[in-house]
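Undergrad: First the structure, which I've put down as structure tokens, then a few questions once you've had a look.
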Amino acid sequence: MSRPLEPRAGNDSRTRPPAPPAWLRWLPVGYVALVLVLEPLTPVEWPVSFALIALPLVAAFAHRPALVVGVTVFAVLFEWTLAGTPCCSGRRVGYQWDRHYLAAYVCTALVGFLGTILAHHRIRRERTLADVRFVADIAQHVLLRPVPHRVGDLRLESFYLSASAEARIGGDLYEAVPTRHGVRLLIGDVRGKGLLAVETAATLLGSFREAAHDEPDLPALAARVETSVARRSDQLSPSEAGERFVTAVIAEIRADEHAVRVVNRGHPPPLLIRPGEVRELDRGRSAPPLNLGMLVGEPYPVDVYPFVPGDQLLLYTDGVTETRDPAGTFYPLLERLRCWGPLPPRELLDRLHHDLLEYSHDQLHDDTAALAVVLLPHQGAADTRSKPGT
């Protein structure tokens, strides 16, 4: 979910890797307890203590190298104790120096050495991953910066949900820009994945943020944005440029006019939510995606819809409606919204977020983004300055 980034704690130049889960940290203790339970229950000729050879390796999955060394020493001493303690194994003291047990001590030390190397390598990889994720968080903060939570009588909220637990950014994008022409909104989805999709999204967002203040109407704004995307596409190789198009919705809300204007460039239509009604804002006049409109020479049709106090606009990417359950059924967005009824923007997006994860059993196959805007009842003179959210 989109959120402000927090600075690194302390003066450590590296990002602290996440702590292993508790069950993994306590696994060596459980392993020793299991050996202690089985040792007196098994016949003398079955030396269960040999299983302690694997103890350093078990510790290496969650603990630091120094602790793995300590666990190795403990395992050797514990094997030595069990080998000749009558109350535990029923064996004589002389068994402690039997060649089989001497081999077990050597094997335990060797596994401990390898486990120490494994723990060192694991920590290096975890730190590298933590650094990469931190840089990705910064990139997302720059690319998808938090939208203003309040502009005049409008309240706005957004969320971004990655299909990959390790990813932070992708080709889905959104933006809200307060201008003298009203609040201008953008939601889009870049065709493709990876770095090229992120670069295209950055180009589109940069162009929209500038042009939203300058262009007097939505067709001019859409044309300006498409020119930027096309210029970026011209710099790519033919094989890459062929897939470099963007579906998008550009909207404009002028609260004093109680209307919302929409230009749809091949994107899922926005939803209008009001008490007793949830419907798509779609009159069948969707234009081709950005970077394809110049090829067909079609105009940029603008649809105008009433937008009165209490109405809420939901813009979203196709990752929402294309989410599937284990049986392959698409997510029923309209049915869900009608069942929930009108909700405040933040509560709506939080509920949508958790419902998508539950519906897909945490198996999302595409990134998802959404932007919710509600027109509040008029409360005095409109303040067109953006106010920080709480």
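Residues are referred to by chain and number: the chain letter is A, B, ... according to the order shown in the structure tokens, the number counts from 1 in that chain, and ligands are numbered separately from 1 in the order shown.
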Contacts of Val302 in chain A at 7 Å or less, counting only C-alpha atoms, minus same-chain residues fewer than 6 places along, as a ChimeraX atom specification?
TA: /A:261-263
Undergrad: Go ahead and write the selection's residues with all heavy atoms as a PDB file, in the first residue's frame.
TA:
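Result file selection_6.pdb:
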```pdb
ATOM      1  N   ARG A 261     -15.278  15.488 -15.426  1.00  0.00           N
ATOM      2  CA  ARG A 261     -14.991  15.267 -16.840  1.00  0.00           C
ATOM      3  C   ARG A 261     -13.999  14.111 -16.961  1.00  0.00           C
ATOM      4  O   ARG A 261     -13.040  14.028 -16.190  1.00  0.00           O
ATOM      5  CB  ARG A 261     -14.423  16.532 -17.480  1.00  0.00           C
ATOM      6  CG  ARG A 261     -15.416  17.681 -17.544  1.00  0.00           C
ATOM      7  CD  ARG A 261     -14.753  18.962 -18.048  1.00  0.00           C
ATOM      8  NE  ARG A 261     -15.734  20.008 -18.298  1.00  0.00           N
ATOM      9  CZ  ARG A 261     -16.263  20.783 -17.377  1.00  0.00           C
ATOM     10  NH1 ARG A 261     -15.883  20.629 -16.103  1.00  0.00           N
ATOM     11  NH2 ARG A 261     -17.166  21.705 -17.687  1.00  0.00           N
ATOM     12  N   VAL A 262     -14.220  13.252 -17.934  1.00  0.00           N
ATOM     13  CA  VAL A 262     -13.422  12.033 -18.054  1.00  0.00           C
ATOM     14  C   VAL A 262     -12.972  11.840 -19.498  1.00  0.00           C
ATOM     15  O   VAL A 262     -13.783  11.951 -20.433  1.00  0.00           O
ATOM     16  CB  VAL A 262     -14.222  10.787 -17.595  1.00  0.00           C
ATOM     17  CG1 VAL A 262     -13.411   9.522 -17.811  1.00  0.00           C
ATOM     18  CG2 VAL A 262     -14.631  10.929 -16.138  1.00  0.00           C
ATOM     19  N   VAL A 263     -11.686  11.577 -19.675  1.00  0.00           N
ATOM     20  CA  VAL A 263     -11.136  11.105 -20.944  1.00  0.00           C
ATOM     21  C   VAL A 263     -10.582   9.715 -20.684  1.00  0.00           C
ATOM     22  O   VAL A 263      -9.685   9.542 -19.855  1.00  0.00           O
ATOM     23  CB  VAL A 263     -10.024  12.034 -21.475  1.00  0.00           C
ATOM     24  CG1 VAL A 263      -9.296  11.375 -22.640  1.00  0.00           C
ATOM     25  CG2 VAL A 263     -10.604  13.366 -21.907  1.00  0.00           C
TER      26      VAL A 263
END
```
Undergrad: Identify, on the basis of only C-alpha atoms, every residue whose closest approach to Asp303 in chain A does not exceed 12 Å; exclude the query and any residue fewer than 6 positions from it along the same chain; express the result as a PyMOL selection string.
TA: chain A and resi 218-219+249-252+259-264+269-270+281-287
Undergrad: So how many Å separate CA of Gly319 in chain A and CA of Ala369 in chain A, to one decimal?
TA: 7.5 Å
Undergrad: List every residue of range 106-265 of chain A that DSSP, applied to the backbone of this structure, places in helix (DSSP H, G or I), and write the result as number ranges by chain.
TA: A: 106-143, 194-214, 218-234, 238-241, 255-257
Undergrad: Set the distance at 8 Å and use only C-alpha atoms: which residues neighbour range 330-333 of chain A once local chain neighbours fewer than 6 positions away are removed? I'd like the list as a list in words.
TA: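 Using only C-alpha atoms, the neighbours found are Val320, Thr321, Glu322, Thr323, Arg324, Leu356 and Tyr359 of chain A.
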Undergrad: Save out the residues we just selected, N, CA, C and O atoms, as a short mmCIF file (atom, residue, chain, number, x, y, z; two decimals), in the first residue's frame.
TA:
```
data_model
loop_
_atom_site.label_atom_id
_atom_site.label_comp_id
_atom_site.auth_asym_id
_atom_site.auth_seq_id
_atom_site.Cartn_x
_atom_site.Cartn_y
_atom_site.Cartn_z
N VAL A 320 -7.25 -4.99 -10.40
CA VAL A 320 -8.35 -5.20 -9.45
C VAL A 320 -9.37 -6.17 -10.03
O VAL A 320 -9.68 -7.20 -9.43
N THR A 321 -9.89 -5.86 -11.20
CA THR A 321 -10.97 -6.67 -11.78
C THR A 321 -10.46 -7.99 -12.35
O THR A 321 -11.25 -8.91 -12.57
N GLU A 322 -9.15 -8.11 -12.60
CA GLU A 322 -8.60 -9.36 -13.13
C GLU A 322 -8.02 -10.26 -12.04
O GLU A 322 -7.42 -11.28 -12.34
N THR A 323 -8.19 -9.86 -10.79
CA THR A 323 -7.82 -10.75 -9.69
C THR A 323 -8.74 -11.97 -9.71
O THR A 323 -9.95 -11.84 -9.88
N ARG A 324 -8.18 -13.15 -9.54
CA ARG A 324 -8.96 -14.39 -9.61
C ARG A 324 -8.89 -15.15 -8.29
O ARG A 324 -7.90 -15.07 -7.58
N LEU A 356 -9.12 -8.10 -1.74
CA LEU A 356 -8.39 -8.66 -2.87
C LEU A 356 -7.44 -9.75 -2.43
O LEU A 356 -7.34 -10.81 -3.08
N TYR A 359 -9.59 -12.74 -1.41
CA TYR A 359 -10.25 -13.37 -2.55
C TYR A 359 -9.26 -14.23 -3.36
O TYR A 359 -9.61 -15.31 -3.83
#
```
Undergrad: Do a neighbour search on range 124-129 of chain A at 7 Å with only C-alpha atoms, toss out local chain neighbours closer than 3 positions, and write the hits as a PyMOL selection string.
TA: chain A and resi 15-17+120-121+132-133
Undergrad: Please produce a file of those selected residues containing N, CA, C and O atoms, as a PDB file, in the first residue's frame.
TA:
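Now in result_38.pdb:
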```
ATOM      1  N   THR A  15      20.829  -1.153   5.517  1.00  0.00           N
ATOM      2  CA  THR A  15      19.460  -1.367   5.967  1.00  0.00           C
ATOM      3  C   THR A  15      19.392  -2.644   6.795  1.00  0.00           C
ATOM      4  O   THR A  15      19.951  -3.664   6.414  1.00  0.00           O
ATOM      5  N   ARG A  16      18.727  -2.567   7.922  1.00  0.00           N
ATOM      6  CA  ARG A  16      18.621  -3.738   8.793  1.00  0.00           C
ATOM      7  C   ARG A  16      17.700  -4.762   8.143  1.00  0.00           C
ATOM      8  O   ARG A  16      16.554  -4.464   7.811  1.00  0.00           O
ATOM      9  N   PRO A  17      18.188  -6.017   7.952  1.00  0.00           N
ATOM     10  CA  PRO A  17      17.328  -7.045   7.352  1.00  0.00           C
ATOM     11  C   PRO A  17      16.225  -7.436   8.313  1.00  0.00           C
ATOM     12  O   PRO A  17      16.355  -7.289   9.536  1.00  0.00           O
ATOM     13  N   HIS A 120      26.763 -16.780   7.355  1.00  0.00           N
ATOM     14  CA  HIS A 120      27.404 -15.543   6.886  1.00  0.00           C
ATOM     15  C   HIS A 120      26.879 -15.157   5.514  1.00  0.00           C
ATOM     16  O   HIS A 120      26.551 -13.976   5.262  1.00  0.00           O
ATOM     17  N   HIS A 121      26.757 -16.124   4.621  1.00  0.00           N
ATOM     18  CA  HIS A 121      26.255 -15.847   3.271  1.00  0.00           C
ATOM     19  C   HIS A 121      24.792 -15.426   3.324  1.00  0.00           C
ATOM     20  O   HIS A 121      24.381 -14.499   2.605  1.00  0.00           O
ATOM     21  N   VAL A 132      18.155  -3.280  -1.458  1.00  0.00           N
ATOM     22  CA  VAL A 132      17.436  -3.158  -2.728  1.00  0.00           C
ATOM     23  C   VAL A 132      15.990  -2.751  -2.481  1.00  0.00           C
ATOM     24  O   VAL A 132      15.433  -1.891  -3.183  1.00  0.00           O
ATOM     25  N   ARG A 133      15.363  -3.341  -1.473  1.00  0.00           N
ATOM     26  CA  ARG A 133      13.976  -2.999  -1.176  1.00  0.00           C
ATOM     27  C   ARG A 133      13.864  -1.558  -0.683  1.00  0.00           C
ATOM     28  O   ARG A 133      12.886  -0.880  -0.965  1.00  0.00           O
TER      29      ARG A 133
END
```
Undergrad: Give me, please, the distance in Å between CA of Ala176 in chain A and CA of Val147 in chain A, quoted to one decimal.
TA: 5.8 Å
Undergrad: One number please: CA of Leu161 in chain A to CA of Asp350 in chain A, in Å, one decimal.
TA: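 Separation between CA of Leu161 in chain A and CA of Asp350 in chain A: 10.9 Å.
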Undergrad: If you count only C-alpha atoms, which residues fall within 9 Å of range 154-158 of chain A, apart from same-chain ones fewer than 6 positions away, as a PyMOL selection string?
TA: chain A and resi 1-2+146-148+174-176+183+253+255+344-346+349+369-376
Undergrad: Considering only C-alpha atoms, state which residue in the set A:Gly310, A:Thr42, A:Asp137, A:Ser162 is at the smallest distance from His365 in chain A.
TA: A:Ser162
Undergrad: Give me the residues near Pro377 in chain A as a ChimeraX atom specification, where near means some atom within 12 Å (using only C-alpha atoms) and where sequence neighbours in that chain fewer than 5 positions away do not count.
TA: /A:152-155,255-256,258,307-312,382
Undergrad: Quick one: DSSP strand (DSSP E) residues in range 45-204 of chain A, as a list of chain:residue names?
TA: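 Strand (DSSP E) members of range 45-204 of chain A, listed: A:Arg150, A:Val151, A:Leu154, A:Arg155, A:Leu156, A:Glu157, A:Ser158, A:Phe159, A:Tyr160, A:Leu161, A:Asp172, A:Leu173, A:Tyr174, A:Glu175, A:Ala176, A:Val177, A:Pro178, A:Thr179, A:Gly182, A:Val183, A:Arg184, A:Leu185, A:Leu186, A:Ile187, A:Gly188, A:Asp189, A:Val190.
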Undergrad: Pull the closest atom pair for each residue of range 256-336 of chain A that gets at most 8 Å from range 186-193 of chain A, along with the distance in Å to one decimal, counting only C-alpha atoms, ordering rows by chain and then ascending residue number, as a tab-separated table.
TA:
```
residue	atom	partner	partner_atom	distance
A:His267	CA	A:Gly188	CA	7.3
A:Leu315	CA	A:Ile187	CA	6.6
A:Tyr316	CA	A:Ile187	CA	6.7
A:Thr317	CA	A:Asp189	CA	6.4
A:Asp318	CA	A:Asp189	CA	7.9
```
Undergrad: Filtering to all heavy atoms, could you give me those residues as a PDB file, in the first residue's frame?
TA:
```pdb
ATOM      1  N   HIS A 267      -8.895   2.297 -20.845  1.00  0.00           N
ATOM      2  CA  HIS A 267      -8.723   1.846 -19.465  1.00  0.00           C
ATOM      3  C   HIS A 267     -10.077   1.427 -18.885  1.00  0.00           C
ATOM      4  O   HIS A 267     -11.120   1.879 -19.362  1.00  0.00           O
ATOM      5  CB  HIS A 267      -8.127   2.989 -18.642  1.00  0.00           C
ATOM      6  CG  HIS A 267      -7.532   2.569 -17.337  1.00  0.00           C
ATOM      7  ND1 HIS A 267      -6.292   1.980 -17.244  1.00  0.00           N
ATOM      8  CD2 HIS A 267      -7.996   2.657 -16.067  1.00  0.00           C
ATOM      9  CE1 HIS A 267      -6.010   1.732 -15.980  1.00  0.00           C
ATOM     10  NE2 HIS A 267      -7.033   2.116 -15.243  1.00  0.00           N
ATOM     11  N   LEU A 315     -11.210   5.290  -9.239  1.00  0.00           N
ATOM     12  CA  LEU A 315     -10.415   4.944 -10.406  1.00  0.00           C
ATOM     13  C   LEU A 315      -9.497   3.793 -10.014  1.00  0.00           C
ATOM     14  O   LEU A 315      -8.921   3.787  -8.918  1.00  0.00           O
ATOM     15  CB  LEU A 315      -9.586   6.138 -10.882  1.00  0.00           C
ATOM     16  CG  LEU A 315     -10.379   7.385 -11.305  1.00  0.00           C
ATOM     17  CD1 LEU A 315     -10.492   8.363 -10.144  1.00  0.00           C
ATOM     18  CD2 LEU A 315      -9.709   8.079 -12.486  1.00  0.00           C
ATOM     19  N   TYR A 316      -9.299   2.824 -10.906  1.00  0.00           N
ATOM     20  CA  TYR A 316      -8.555   1.621 -10.563  1.00  0.00           C
ATOM     21  C   TYR A 316      -7.910   1.037 -11.811  1.00  0.00           C
ATOM     22  O   TYR A 316      -8.310   1.347 -12.946  1.00  0.00           O
ATOM     23  CB  TYR A 316      -9.482   0.588  -9.917  1.00  0.00           C
ATOM     24  CG  TYR A 316     -10.644   0.194 -10.802  1.00  0.00           C
ATOM     25  CD1 TYR A 316     -10.583  -0.919 -11.625  1.00  0.00           C
ATOM     26  CD2 TYR A 316     -11.806   0.973 -10.848  1.00  0.00           C
ATOM     27  CE1 TYR A 316     -11.636  -1.270 -12.455  1.00  0.00           C
ATOM     28  CE2 TYR A 316     -12.866   0.645 -11.673  1.00  0.00           C
ATOM     29  CZ  TYR A 316     -12.772  -0.472 -12.476  1.00  0.00           C
ATOM     30  OH  TYR A 316     -13.816  -0.805 -13.308  1.00  0.00           O
ATOM     31  N   THR A 317      -6.925   0.182 -11.621  1.00  0.00           N
ATOM     32  CA  THR A 317      -6.294  -0.506 -12.741  1.00  0.00           C
ATOM     33  C   THR A 317      -6.917  -1.893 -12.904  1.00  0.00           C
ATOM     34  O   THR A 317      -7.627  -2.387 -12.021  1.00  0.00           O
ATOM     35  CB  THR A 317      -4.783  -0.637 -12.526  1.00  0.00           C
ATOM     36  OG1 THR A 317      -4.542  -1.369 -11.310  1.00  0.00           O
ATOM     37  CG2 THR A 317      -4.138   0.746 -12.394  1.00  0.00           C
ATOM     38  N   ASP A 318      -6.625  -2.528 -14.036  1.00  0.00           N
ATOM     39  CA  ASP A 318      -7.266  -3.818 -14.306  1.00  0.00           C
ATOM     40  C   ASP A 318      -6.761  -4.931 -13.406  1.00  0.00           C
ATOM     41  O   ASP A 318      -7.319  -6.030 -13.395  1.00  0.00           O
ATOM     42  CB  ASP A 318      -7.096  -4.207 -15.772  1.00  0.00           C
ATOM     43  CG  ASP A 318      -5.635  -4.326 -16.193  1.00  0.00           C
ATOM     44  OD1 ASP A 318      -4.744  -4.247 -15.317  1.00  0.00           O
ATOM     45  OD2 ASP A 318      -5.371  -4.495 -17.397  1.00  0.00           O
TER      46      ASP A 318
END
```
Undergrad: Name all residues at most 7 Å from Thr108 in chain A (count only C-alpha atoms; drop same-chain ones fewer than 4 positions away) and give them as a PyMOL selection string.
TA: chain A and resi 53+72+76+104+112
